[in-house]
>>> print(open('entry.cif').read())   # mmCIF, C-alpha atoms
data_my_file
loop_
_atom_site.label_atom_id
_atom_site.label_comp_id
_atom_site.auth_asym_id
_atom_site.auth_seq_id
_atom_site.Cartn_x
_atom_site.Cartn_y
_atom_site.Cartn_z
CA MET H 1 15.05 -12.40 -23.15
CA GLN H 2 15.41 -15.43 -20.92
CA ILE H 3 11.80 -16.47 -20.31
CA GLY H 4 11.17 -19.35 -17.95
CA GLY H 5 7.40 -19.51 -17.91
CA VAL H 6 4.14 -18.16 -19.32
CA GLN H 7 0.78 -18.01 -17.56
CA LYS H 8 -1.77 -17.74 -20.34
CA PHE H 9 -4.57 -16.16 -18.33
CA SER H 10 -4.70 -14.23 -15.06
CA THR H 11 -7.23 -11.94 -13.43
CA VAL H 12 -5.15 -11.19 -10.31
CA ASP H 13 -1.70 -10.08 -11.51
CA TYR H 14 -2.74 -6.67 -12.86
CA PRO H 15 -5.57 -5.03 -10.89
CA GLY H 16 -8.60 -4.49 -13.09
CA TYR H 17 -7.25 -6.27 -16.18
CA VAL H 18 -7.06 -9.74 -17.70
CA VAL H 19 -3.47 -10.51 -18.62
CA ALA H 20 -0.93 -13.12 -19.55
CA GLY H 21 1.96 -13.56 -17.12
CA ILE H 22 5.55 -13.76 -18.38
CA PHE H 23 8.28 -14.90 -15.99
CA THR H 24 11.93 -14.11 -16.70
CA ILE H 25 14.87 -16.21 -15.55
CA GLY H 26 17.48 -14.88 -13.14
CA CYS H 27 17.49 -12.70 -10.03
CA ASN H 28 20.11 -10.66 -8.21
CA MET H 29 18.52 -11.33 -4.82
CA ARG H 30 18.22 -14.55 -2.83
CA CYS H 31 15.26 -13.86 -0.56
CA GLY H 32 14.83 -17.06 1.38
CA TYR H 33 11.03 -16.96 1.28
CA CYS H 34 10.77 -16.62 -2.53
CA HIS H 35 8.44 -19.20 -4.09
CA ASN H 36 10.19 -19.21 -7.51
CA PRO H 37 13.50 -21.05 -6.99
CA GLU H 38 13.40 -22.34 -10.57
CA LEU H 39 13.65 -18.73 -11.76
CA VAL H 40 16.14 -17.53 -9.13
CA LEU H 41 18.67 -20.31 -8.50
CA PRO H 42 20.94 -21.07 -11.51
CA GLU H 43 21.07 -24.77 -10.66
CA GLN H 44 17.26 -24.94 -10.84
CA TYR H 45 16.61 -22.68 -13.86
CA ALA H 46 13.56 -23.61 -15.85
CA GLY H 47 14.15 -24.30 -19.53
CA ALA H 48 14.06 -21.05 -21.48
CA ILE H 49 11.13 -20.40 -23.80
CA PRO H 50 12.17 -18.54 -26.99
CA ALA H 51 10.90 -14.97 -26.97
CA HIS H 52 9.55 -15.33 -30.51
CA GLU H 53 7.29 -18.16 -29.33
CA VAL H 54 5.91 -15.99 -26.53
CA LEU H 55 5.30 -13.12 -28.95
CA ALA H 56 3.57 -15.48 -31.38
CA PHE H 57 1.29 -16.65 -28.57
CA LEU H 58 0.46 -13.06 -27.62
CA LYS H 59 -0.53 -12.28 -31.21
CA THR H 60 -3.23 -14.94 -30.93
CA ARG H 61 -4.60 -13.22 -27.79
CA ARG H 62 -5.14 -9.75 -29.23
CA GLY H 63 -8.68 -8.72 -28.37
CA LEU H 64 -8.91 -11.44 -25.71
CA LEU H 65 -6.40 -10.11 -23.16
CA ASP H 66 -5.94 -6.58 -21.88
CA GLY H 67 -2.25 -6.85 -21.28
CA VAL H 68 0.86 -8.61 -20.07
CA ALA H 69 2.38 -8.81 -16.58
CA ILE H 70 6.15 -9.32 -16.65
CA SER H 71 7.66 -10.81 -13.51
CA GLY H 72 10.49 -13.12 -12.53
CA GLY H 73 13.09 -13.55 -11.29
CA GLU H 74 14.00 -9.93 -11.86
CA PRO H 75 12.96 -8.71 -15.31
CA THR H 76 15.24 -5.66 -15.35
CA MET H 77 18.25 -8.00 -15.48
CA GLN H 78 17.26 -8.74 -19.08
CA PRO H 79 19.15 -6.21 -21.26
CA ASP H 80 16.67 -6.58 -24.13
CA LEU H 81 13.59 -6.03 -21.93
CA PRO H 82 12.78 -2.64 -23.54
CA GLN H 83 12.89 -4.14 -27.04
CA PHE H 84 10.67 -7.03 -25.97
CA ILE H 85 8.15 -4.68 -24.38
CA CYS H 86 8.15 -2.53 -27.54
CA GLN H 87 6.92 -5.55 -29.49
CA VAL H 88 4.28 -6.30 -26.85
CA LYS H 89 3.05 -2.69 -26.86
CA ALA H 90 2.90 -2.71 -30.66
CA MET H 91 0.21 -5.39 -30.35
CA GLY H 92 -1.90 -3.01 -28.30
CA PHE H 93 -1.34 -4.61 -24.89
CA ARG H 94 -0.96 -2.83 -21.58
CA VAL H 95 2.21 -3.77 -19.68
CA LYS H 96 2.64 -4.27 -15.94
CA LEU H 97 6.16 -4.81 -14.60
CA ASP H 98 7.15 -6.44 -11.31
CA THR H 99 10.58 -5.44 -10.01
CA ASN H 100 12.80 -5.46 -6.93
CA GLY H 101 13.96 -1.92 -7.72
CA THR H 102 17.68 -2.62 -8.07
CA ASN H 103 17.94 -1.20 -11.61
CA PRO H 104 16.61 2.38 -11.61
CA GLY H 105 18.38 3.10 -14.91
CA MET H 106 16.27 0.50 -16.69
CA LEU H 107 13.12 1.72 -14.95
CA ARG H 108 13.83 5.30 -16.00
CA GLN H 109 14.23 4.20 -19.63
CA LEU H 110 10.98 2.22 -19.57
CA ILE H 111 9.07 5.09 -17.98
CA ASN H 112 10.51 7.78 -20.24
CA ASP H 113 9.74 5.70 -23.33
CA LYS H 114 6.19 5.05 -22.03
CA LEU H 115 6.66 1.29 -22.22
CA VAL H 116 5.06 0.45 -18.87
CA ASP H 117 1.55 1.23 -17.66
CA PHE H 118 1.92 -0.10 -14.11
CA ILE H 119 4.91 -1.01 -11.94
CA ALA H 120 4.80 -3.12 -8.78
CA MET H 121 7.90 -3.05 -6.58
CA ASP H 122 8.76 -5.37 -3.73
CA ILE H 123 9.91 -3.53 -0.62
CA LYS H 124 11.91 -6.11 1.32
CA GLY H 125 11.82 -4.21 4.59
CA PRO H 126 13.31 -1.11 6.21
CA LEU H 127 16.63 -0.14 4.66
CA ASP H 128 18.62 -1.43 7.64
CA LYS H 129 17.26 -4.95 7.04
CA TYR H 130 17.45 -5.00 3.23
CA VAL H 131 20.75 -6.83 2.89
CA ALA H 132 19.80 -9.50 5.41
CA ILE H 133 16.42 -10.18 3.78
CA ALA H 134 17.71 -10.07 0.18
CA ALA H 135 20.76 -12.18 1.18
CA ARG H 136 22.90 -10.18 -1.27
CA PRO H 137 24.74 -6.84 -1.24
CA ILE H 138 22.19 -4.15 -2.12
CA ASP H 139 22.69 -0.60 -3.38
CA LEU H 140 20.24 1.16 -1.06
CA ALA H 141 20.49 4.42 -3.01
CA ALA H 142 19.27 2.53 -6.10
CA ILE H 143 16.29 1.21 -4.12
CA GLN H 144 15.36 4.74 -3.05
CA GLU H 145 15.81 6.08 -6.59
CA SER H 146 13.54 3.37 -7.98
CA ILE H 147 10.84 4.16 -5.43
CA ALA H 148 10.87 7.82 -6.49
CA LEU H 149 10.68 6.88 -10.18
CA ILE H 150 7.85 4.39 -9.70
CA LYS H 151 5.73 6.96 -7.87
CA THR H 152 5.51 8.89 -11.17
CA VAL H 153 3.43 6.13 -12.84
CA ASP H 154 0.54 3.92 -11.79
CA HIS H 155 2.03 1.69 -9.13
CA GLU H 156 1.91 -0.58 -6.13
CA PHE H 157 4.53 -1.26 -3.49
CA ARG H 158 4.31 -4.46 -1.48
CA THR H 159 6.06 -6.34 1.29
CA THR H 160 5.97 -10.09 1.88
CA ILE H 161 5.90 -10.63 5.62
CA VAL H 162 7.81 -13.39 7.39
CA ASP H 163 7.51 -12.87 11.14
CA SER H 164 11.10 -13.92 11.81
CA GLN H 165 12.33 -11.06 9.60
CA LEU H 166 10.00 -8.15 10.27
CA THR H 167 8.23 -6.57 13.23
CA VAL H 168 5.11 -4.43 13.19
CA GLN H 169 7.24 -1.40 14.12
CA ASP H 170 9.37 -1.89 11.01
CA PHE H 171 6.43 -0.55 9.05
CA GLU H 172 7.06 2.96 10.38
CA ALA H 173 10.37 2.97 8.50
CA ILE H 174 8.82 1.20 5.49
CA GLY H 175 6.03 3.78 5.47
CA GLN H 176 8.55 6.61 5.47
CA LEU H 177 10.41 4.91 2.62
CA VAL H 178 7.34 4.88 0.34
CA HIS H 179 5.60 7.95 1.78
CA GLY H 180 3.08 9.36 -0.69
CA ALA H 181 2.57 6.14 -2.64
CA ARG H 182 -0.90 5.44 -4.03
CA ARG H 183 -1.15 1.79 -3.05
CA PHE H 184 0.68 -0.60 -0.72
CA ALA H 185 0.02 -4.30 -0.23
CA LEU H 186 0.89 -6.37 2.83
CA GLN H 187 1.40 -9.92 1.61
CA ALA H 188 1.23 -12.75 4.10
CA PHE H 189 3.91 -15.36 3.52
CA ARG H 190 2.45 -18.77 2.79
CA PRO H 191 4.40 -21.99 3.41
CA GLY H 192 5.62 -23.91 0.39
CA ARG H 193 8.65 -24.53 -1.79
CA THR H 194 11.13 -21.70 -1.25
CA VAL H 195 14.59 -20.56 -2.36
CA SER H 196 15.91 -21.41 1.10
CA PRO H 197 14.43 -24.66 2.48
CA SER H 198 14.59 -23.18 5.99
CA PHE H 199 11.71 -20.87 5.04
CA ALA H 200 9.40 -23.61 3.73
CA GLY H 201 7.41 -23.71 6.98
CA ALA H 202 7.85 -20.09 8.05
CA LYS H 203 4.95 -18.06 9.44
CA SER H 204 3.60 -14.61 8.69
CA PHE H 205 2.09 -12.11 11.12
CA ASP H 206 -1.07 -13.16 12.89
CA ALA H 207 -4.27 -11.25 12.09
CA ALA H 208 -3.82 -8.70 14.87
CA ALA H 209 -0.24 -7.89 13.87
CA MET H 210 -1.27 -7.59 10.22
CA ARG H 211 -4.01 -5.11 11.14
CA ALA H 212 -1.51 -3.12 13.20
CA ALA H 213 0.94 -2.97 10.28
CA GLN H 214 -1.89 -1.92 7.96
CA LYS H 215 -2.89 0.86 10.35
CA ILE H 216 0.68 2.20 10.34
CA MET H 217 0.92 2.09 6.55
CA GLN H 218 -2.37 3.97 6.17
CA ASN H 219 -0.60 6.98 7.68
CA TYR H 220 1.85 7.02 4.77
CA VAL H 221 0.02 5.84 1.64
CA ALA H 222 -3.33 6.49 -0.03
CA GLU H 223 -4.44 2.85 0.18
CA CYS H 224 -3.08 -0.17 2.05
CA VAL H 225 -4.50 -3.63 1.38
CA VAL H 226 -3.80 -7.04 2.89
CA HIS H 227 -3.33 -10.15 0.75
#
>>> encode(input="entry.cif", output="structure tokens")
Amino acid sequence: MQIGGVQKFSTVDYPGYVVAGIFTIGCNMRCGYCHNPELVLPEQYAGAIPAHEVLAFLKTRRGLLDGVAISGGEPTMQPDLPQFICQVKAMGFRVKLDTNGTNPGMLRQLINDKLVDFIAMDIKGPLDKYVAIAARPIDLAAIQESIALIKTVDHEFRTTIVDSQLTVQDFEAIGQLVHGARRFALQAFRPGRTVSPSFAGAKSFDAAAMRAAQKIMQNYVAECVVH
């Protein structure tokens, strides 16, 4: 496991639970708006934290934390992710996984082995915009397979909105893509340090457009929230 950071305490990363956040190094996308360049860009990689140190820390938090949220980067790029999660689960922790959905094989293994309690997947946009937003070749069939798998466990899908990339009407296609999901989050992009400097000052939808997108998504999912 290539771990680039640990957040020792969070009440927002796993709805309803107090968790530690673990951030893996490396990603197979290059979304310009991403706020974690030190985990995504090889030339900016954060220094790796040995997995045994992270596990030792978690042992000291048994009874104090409910679980662990594993994010990145893209955690499913780590071939030993299942083994790492096994050790976390053995301590009695719940596990939430954040993913971009490009590795359905890994997700299927984690789900079948009951190693994840909650999965959150980023939906970059409608399928016809995926490659442009991710700035990498994307297997769209893998994205669709991952969505179907994730619907079988407790889950959330979410889209980060940059107004130069998405329109309100795009959420009809996004809604169809995740139709039947329990929960969807519309995340407003916030300016800051980004993978692509050109996005540092980008804007999200205004309030009216965000409400319109939420109204569309409510036709397709059980719950749609705005962050």
>>> closest_residue(input="entry.cif", among="H:Ala120, H:Val225, H:Ile161, H:Ile70", to="Phe23 of chain H", atoms="only C-alpha atoms")
H:Ile70
>>> resolve_selection(input="entry.cif", expression="the PyMOL selection byres ((chain H and resi 202) around 12)", output="list in words")
Gly32, Tyr33, Cys34, Thr160, Ile161, Val162, Asp163, Ser164, Gln165, Ala188, Phe189, Arg190, Pro191, Gly192, Arg193, Thr194, Ser196, Pro197, Ser198, Phe199, Ala200, Gly201, Lys203, Ser204 and Phe205 of chain H
>>> write_last_selection(input="entry.cif", atoms="C-alpha atoms", output="CSV table (one decimal), keeping the file's coordinate frame")
chain,number,residue,atom,x,y,z
H,32,GLY,CA,14.8,-17.1,1.4
H,33,TYR,CA,11.0,-17.0,1.3
H,34,CYS,CA,10.8,-16.6,-2.5
H,160,THR,CA,6.0,-10.1,1.9
H,161,ILE,CA,5.9,-10.6,5.6
H,162,VAL,CA,7.8,-13.4,7.4
H,163,ASP,CA,7.5,-12.9,11.1
H,164,SER,CA,11.1,-13.9,11.8
H,165,GLN,CA,12.3,-11.1,9.6
H,188,ALA,CA,1.2,-12.8,4.1
H,189,PHE,CA,3.9,-15.4,3.5
H,190,ARG,CA,2.4,-18.8,2.8
H,191,PRO,CA,4.4,-22.0,3.4
H,192,GLY,CA,5.6,-23.9,0.4
H,193,ARG,CA,8.6,-24.5,-1.8
H,194,THR,CA,11.1,-21.7,-1.2
H,196,SER,CA,15.9,-21.4,1.1
H,197,PRO,CA,14.4,-24.7,2.5
H,198,SER,CA,14.6,-23.2,6.0
H,199,PHE,CA,11.7,-20.9,5.0
H,200,ALA,CA,9.4,-23.6,3.7
H,201,GLY,CA,7.4,-23.7,7.0
H,203,LYS,CA,5.0,-18.1,9.4
H,204,SER,CA,3.6,-14.6,8.7
H,205,PHE,CA,2.1,-12.1,11.1
>>> residues_around(input="entry.cif", residues="Ser10 of chain H", least_positions_apart="6", cutoff="10 Å", atoms="all atoms listed in the file", output="ChimeraX atom specification")
/H:17-21,65,67-69
>>> resolve_selection(input="entry.cif", expression="the PyMOL selection byres ((chain H and resi 148-152) around 10)", output="JSON, numbers by chain")
{"H": [101, 104, 105, 107, 108, 111, 118, 119, 120, 121, 142, 143, 144, 145, 146, 147, 153, 154, 155, 156, 157, 177, 178, 179, 180, 181, 182, 183]}
>>> residues_around(input="entry.cif", residues="Met77 of chain H", least_positions_apart="3", cutoff="10 Å", atoms="only C-alpha atoms", output="ChimeraX atom specification")
/H:1-2,24-28,72-74,80-81,99,102-103,106
>>> write_last_selection(input="entry.cif", atoms="C-alpha atoms", output="short mmCIF file (atom, residue, chain, number, x, y, z; two decimals), in the coordinates of the input")
data_model
loop_
_atom_site.label_atom_id
_atom_site.label_comp_id
_atom_site.auth_asym_id
_atom_site.auth_seq_id
_atom_site.Cartn_x
_atom_site.Cartn_y
_atom_site.Cartn_z
CA MET H 1 15.05 -12.40 -23.15
CA GLN H 2 15.41 -15.43 -20.92
CA THR H 24 11.93 -14.11 -16.70
CA ILE H 25 14.87 -16.21 -15.55
CA GLY H 26 17.48 -14.88 -13.14
CA CYS H 27 17.49 -12.70 -10.03
CA ASN H 28 20.11 -10.66 -8.21
CA GLY H 72 10.49 -13.12 -12.53
CA GLY H 73 13.09 -13.55 -11.29
CA GLU H 74 14.00 -9.93 -11.86
CA ASP H 80 16.67 -6.58 -24.13
CA LEU H 81 13.59 -6.03 -21.93
CA THR H 99 10.58 -5.44 -10.01
CA THR H 102 17.68 -2.62 -8.07
CA ASN H 103 17.94 -1.20 -11.61
CA MET H 106 16.27 0.50 -16.69
#
>>> decode(input="entry.cif", residues="segment 129-144 of chain H", atoms="all heavy atoms", output="PDB file, in the first residue's frame")
ATOM      1  N   LYS H 129     -18.761  12.868 -21.965  1.00  0.00           N
ATOM      2  CA  LYS H 129     -17.800  13.871 -21.500  1.00  0.00           C
ATOM      3  C   LYS H 129     -16.725  13.279 -20.590  1.00  0.00           C
ATOM      4  O   LYS H 129     -15.844  14.007 -20.110  1.00  0.00           O
ATOM      5  CB  LYS H 129     -18.522  15.004 -20.766  1.00  0.00           C
ATOM      6  CG  LYS H 129     -19.383  15.888 -21.669  1.00  0.00           C
ATOM      7  CD  LYS H 129     -19.939  17.091 -20.913  1.00  0.00           C
ATOM      8  CE  LYS H 129     -20.694  18.025 -21.841  1.00  0.00           C
ATOM      9  NZ  LYS H 129     -21.193  19.228 -21.121  1.00  0.00           N
ATOM     10  N   TYR H 130     -16.809  11.973 -20.326  1.00  0.00           N
ATOM     11  CA  TYR H 130     -15.921  11.359 -19.338  1.00  0.00           C
ATOM     12  C   TYR H 130     -14.451  11.535 -19.677  1.00  0.00           C
ATOM     13  O   TYR H 130     -13.635  11.917 -18.827  1.00  0.00           O
ATOM     14  CB  TYR H 130     -16.234   9.859 -19.188  1.00  0.00           C
ATOM     15  CG  TYR H 130     -16.645   9.481 -17.797  1.00  0.00           C
ATOM     16  CD1 TYR H 130     -17.974   9.620 -17.394  1.00  0.00           C
ATOM     17  CD2 TYR H 130     -15.727   9.016 -16.872  1.00  0.00           C
ATOM     18  CE1 TYR H 130     -18.363   9.284 -16.103  1.00  0.00           C
ATOM     19  CE2 TYR H 130     -16.107   8.675 -15.587  1.00  0.00           C
ATOM     20  CZ  TYR H 130     -17.421   8.816 -15.205  1.00  0.00           C
ATOM     21  OH  TYR H 130     -17.794   8.494 -13.940  1.00  0.00           O
ATOM     22  N   VAL H 131     -14.086  11.243 -20.902  1.00  0.00           N
ATOM     23  CA  VAL H 131     -12.672  11.293 -21.290  1.00  0.00           C
ATOM     24  C   VAL H 131     -12.139  12.714 -21.179  1.00  0.00           C
ATOM     25  O   VAL H 131     -11.019  12.940 -20.688  1.00  0.00           O
ATOM     26  CB  VAL H 131     -12.479  10.737 -22.711  1.00  0.00           C
ATOM     27  CG1 VAL H 131     -11.056  10.991 -23.207  1.00  0.00           C
ATOM     28  CG2 VAL H 131     -12.791   9.239 -22.744  1.00  0.00           C
ATOM     29  N   ALA H 132     -12.925  13.684 -21.593  1.00  0.00           N
ATOM     30  CA  ALA H 132     -12.481  15.075 -21.529  1.00  0.00           C
ATOM     31  C   ALA H 132     -12.280  15.526 -20.085  1.00  0.00           C
ATOM     32  O   ALA H 132     -11.293  16.203 -19.769  1.00  0.00           O
ATOM     33  CB  ALA H 132     -13.496  15.986 -22.228  1.00  0.00           C
ATOM     34  N   ILE H 133     -13.198  15.153 -19.200  1.00  0.00           N
ATOM     35  CA  ILE H 133     -13.104  15.590 -17.804  1.00  0.00           C
ATOM     36  C   ILE H 133     -11.983  14.850 -17.072  1.00  0.00           C
ATOM     37  O   ILE H 133     -11.212  15.453 -16.317  1.00  0.00           O
ATOM     38  CB  ILE H 133     -14.449  15.402 -17.082  1.00  0.00           C
ATOM     39  CG1 ILE H 133     -15.496  16.352 -17.691  1.00  0.00           C
ATOM     40  CG2 ILE H 133     -14.304  15.671 -15.578  1.00  0.00           C
ATOM     41  CD1 ILE H 133     -16.906  16.134 -17.172  1.00  0.00           C
ATOM     42  N   ALA H 134     -11.865  13.533 -17.310  1.00  0.00           N
ATOM     43  CA  ALA H 134     -10.827  12.743 -16.643  1.00  0.00           C
ATOM     44  C   ALA H 134      -9.451  12.976 -17.251  1.00  0.00           C
ATOM     45  O   ALA H 134      -8.436  12.654 -16.626  1.00  0.00           O
ATOM     46  CB  ALA H 134     -11.169  11.258 -16.719  1.00  0.00           C
ATOM     47  N   ALA H 135      -9.398  13.530 -18.450  1.00  0.00           N
ATOM     48  CA  ALA H 135      -8.142  13.827 -19.153  1.00  0.00           C
ATOM     49  C   ALA H 135      -7.274  12.582 -19.335  1.00  0.00           C
ATOM     50  O   ALA H 135      -6.052  12.663 -19.330  1.00  0.00           O
ATOM     51  CB  ALA H 135      -7.364  14.934 -18.429  1.00  0.00           C
ATOM     52  N   ARG H 136      -7.923  11.445 -19.488  1.00  0.00           N
ATOM     53  CA  ARG H 136      -7.252  10.166 -19.733  1.00  0.00           C
ATOM     54  C   ARG H 136      -8.214   9.248 -20.500  1.00  0.00           C
ATOM     55  O   ARG H 136      -9.433   9.401 -20.380  1.00  0.00           O
ATOM     56  CB  ARG H 136      -6.870   9.471 -18.413  1.00  0.00           C
ATOM     57  CG  ARG H 136      -5.636  10.031 -17.725  1.00  0.00           C
ATOM     58  CD  ARG H 136      -4.370   9.725 -18.521  1.00  0.00           C
ATOM     59  NE  ARG H 136      -3.157  10.133 -17.848  1.00  0.00           N
ATOM     60  CZ  ARG H 136      -2.610  11.328 -17.911  1.00  0.00           C
ATOM     61  NH1 ARG H 136      -3.223  12.268 -18.623  1.00  0.00           N
ATOM     62  NH2 ARG H 136      -1.487  11.599 -17.300  1.00  0.00           N
ATOM     63  N   PRO H 137      -7.691   8.282 -21.245  1.00  0.00           N
ATOM     64  CA  PRO H 137      -8.599   7.292 -21.857  1.00  0.00           C
ATOM     65  C   PRO H 137      -9.352   6.547 -20.755  1.00  0.00           C
ATOM     66  O   PRO H 137      -8.755   6.177 -19.746  1.00  0.00           O
ATOM     67  CB  PRO H 137      -7.635   6.351 -22.603  1.00  0.00           C
ATOM     68  CG  PRO H 137      -6.385   7.151 -22.793  1.00  0.00           C
ATOM     69  CD  PRO H 137      -6.281   8.054 -21.602  1.00  0.00           C
ATOM     70  N   ILE H 138     -10.635   6.352 -20.944  1.00  0.00           N
ATOM     71  CA  ILE H 138     -11.472   5.726 -19.918  1.00  0.00           C
ATOM     72  C   ILE H 138     -12.274   4.581 -20.542  1.00  0.00           C
ATOM     73  O   ILE H 138     -12.874   4.745 -21.610  1.00  0.00           O
ATOM     74  CB  ILE H 138     -12.448   6.751 -19.293  1.00  0.00           C
ATOM     75  CG1 ILE H 138     -11.677   7.906 -18.633  1.00  0.00           C
ATOM     76  CG2 ILE H 138     -13.371   6.074 -18.282  1.00  0.00           C
ATOM     77  CD1 ILE H 138     -10.824   7.506 -17.461  1.00  0.00           C
ATOM     78  N   ASP H 139     -12.285   3.430 -19.873  1.00  0.00           N
ATOM     79  CA  ASP H 139     -13.117   2.311 -20.279  1.00  0.00           C
ATOM     80  C   ASP H 139     -14.525   2.576 -19.735  1.00  0.00           C
ATOM     81  O   ASP H 139     -14.794   2.354 -18.554  1.00  0.00           O
ATOM     82  CB  ASP H 139     -12.544   1.005 -19.711  1.00  0.00           C
ATOM     83  CG  ASP H 139     -13.359  -0.219 -20.108  1.00  0.00           C
ATOM     84  OD1 ASP H 139     -14.475  -0.063 -20.634  1.00  0.00           O
ATOM     85  OD2 ASP H 139     -12.872  -1.344 -19.860  1.00  0.00           O
ATOM     86  N   LEU H 140     -15.419   3.049 -20.604  1.00  0.00           N
ATOM     87  CA  LEU H 140     -16.750   3.438 -20.155  1.00  0.00           C
ATOM     88  C   LEU H 140     -17.578   2.233 -19.713  1.00  0.00           C
ATOM     89  O   LEU H 140     -18.440   2.358 -18.834  1.00  0.00           O
ATOM     90  CB  LEU H 140     -17.469   4.213 -21.260  1.00  0.00           C
ATOM     91  CG  LEU H 140     -16.799   5.529 -21.676  1.00  0.00           C
ATOM     92  CD1 LEU H 140     -17.585   6.187 -22.803  1.00  0.00           C
ATOM     93  CD2 LEU H 140     -16.649   6.480 -20.496  1.00  0.00           C
ATOM     94  N   ALA H 141     -17.305   1.070 -20.280  1.00  0.00           N
ATOM     95  CA  ALA H 141     -18.008  -0.141 -19.839  1.00  0.00           C
ATOM     96  C   ALA H 141     -17.637  -0.465 -18.396  1.00  0.00           C
ATOM     97  O   ALA H 141     -18.484  -0.914 -17.614  1.00  0.00           O
ATOM     98  CB  ALA H 141     -17.679  -1.312 -20.749  1.00  0.00           C
ATOM     99  N   ALA H 142     -16.377  -0.227 -18.024  1.00  0.00           N
ATOM    100  CA  ALA H 142     -15.939  -0.462 -16.647  1.00  0.00           C
ATOM    101  C   ALA H 142     -16.659   0.490 -15.689  1.00  0.00           C
ATOM    102  O   ALA H 142     -17.048   0.096 -14.579  1.00  0.00           O
ATOM    103  CB  ALA H 142     -14.429  -0.294 -16.532  1.00  0.00           C
ATOM    104  N   ILE H 143     -16.831   1.732 -16.109  1.00  0.00           N
ATOM    105  CA  ILE H 143     -17.553   2.705 -15.281  1.00  0.00           C
ATOM    106  C   ILE H 143     -18.978   2.223 -15.031  1.00  0.00           C
ATOM    107  O   ILE H 143     -19.471   2.224 -13.888  1.00  0.00           O
ATOM    108  CB  ILE H 143     -17.572   4.084 -15.966  1.00  0.00           C
ATOM    109  CG1 ILE H 143     -16.145   4.660 -16.108  1.00  0.00           C
ATOM    110  CG2 ILE H 143     -18.492   5.056 -15.208  1.00  0.00           C
ATOM    111  CD1 ILE H 143     -15.443   4.939 -14.814  1.00  0.00           C
ATOM    112  N   GLN H 144     -19.645   1.767 -16.071  1.00  0.00           N
ATOM    113  CA  GLN H 144     -21.022   1.302 -15.936  1.00  0.00           C
ATOM    114  C   GLN H 144     -21.107   0.036 -15.081  1.00  0.00           C
ATOM    115  O   GLN H 144     -22.038  -0.129 -14.285  1.00  0.00           O
ATOM    116  CB  GLN H 144     -21.624   1.069 -17.322  1.00  0.00           C
ATOM    117  CG  GLN H 144     -21.814   2.364 -18.108  1.00  0.00           C
ATOM    118  CD  GLN H 144     -22.164   2.120 -19.568  1.00  0.00           C
ATOM    119  OE1 GLN H 144     -21.336   1.727 -20.371  1.00  0.00           O
ATOM    120  NE2 GLN H 144     -23.427   2.336 -19.900  1.00  0.00           N
TER     121      GLN H 144
END
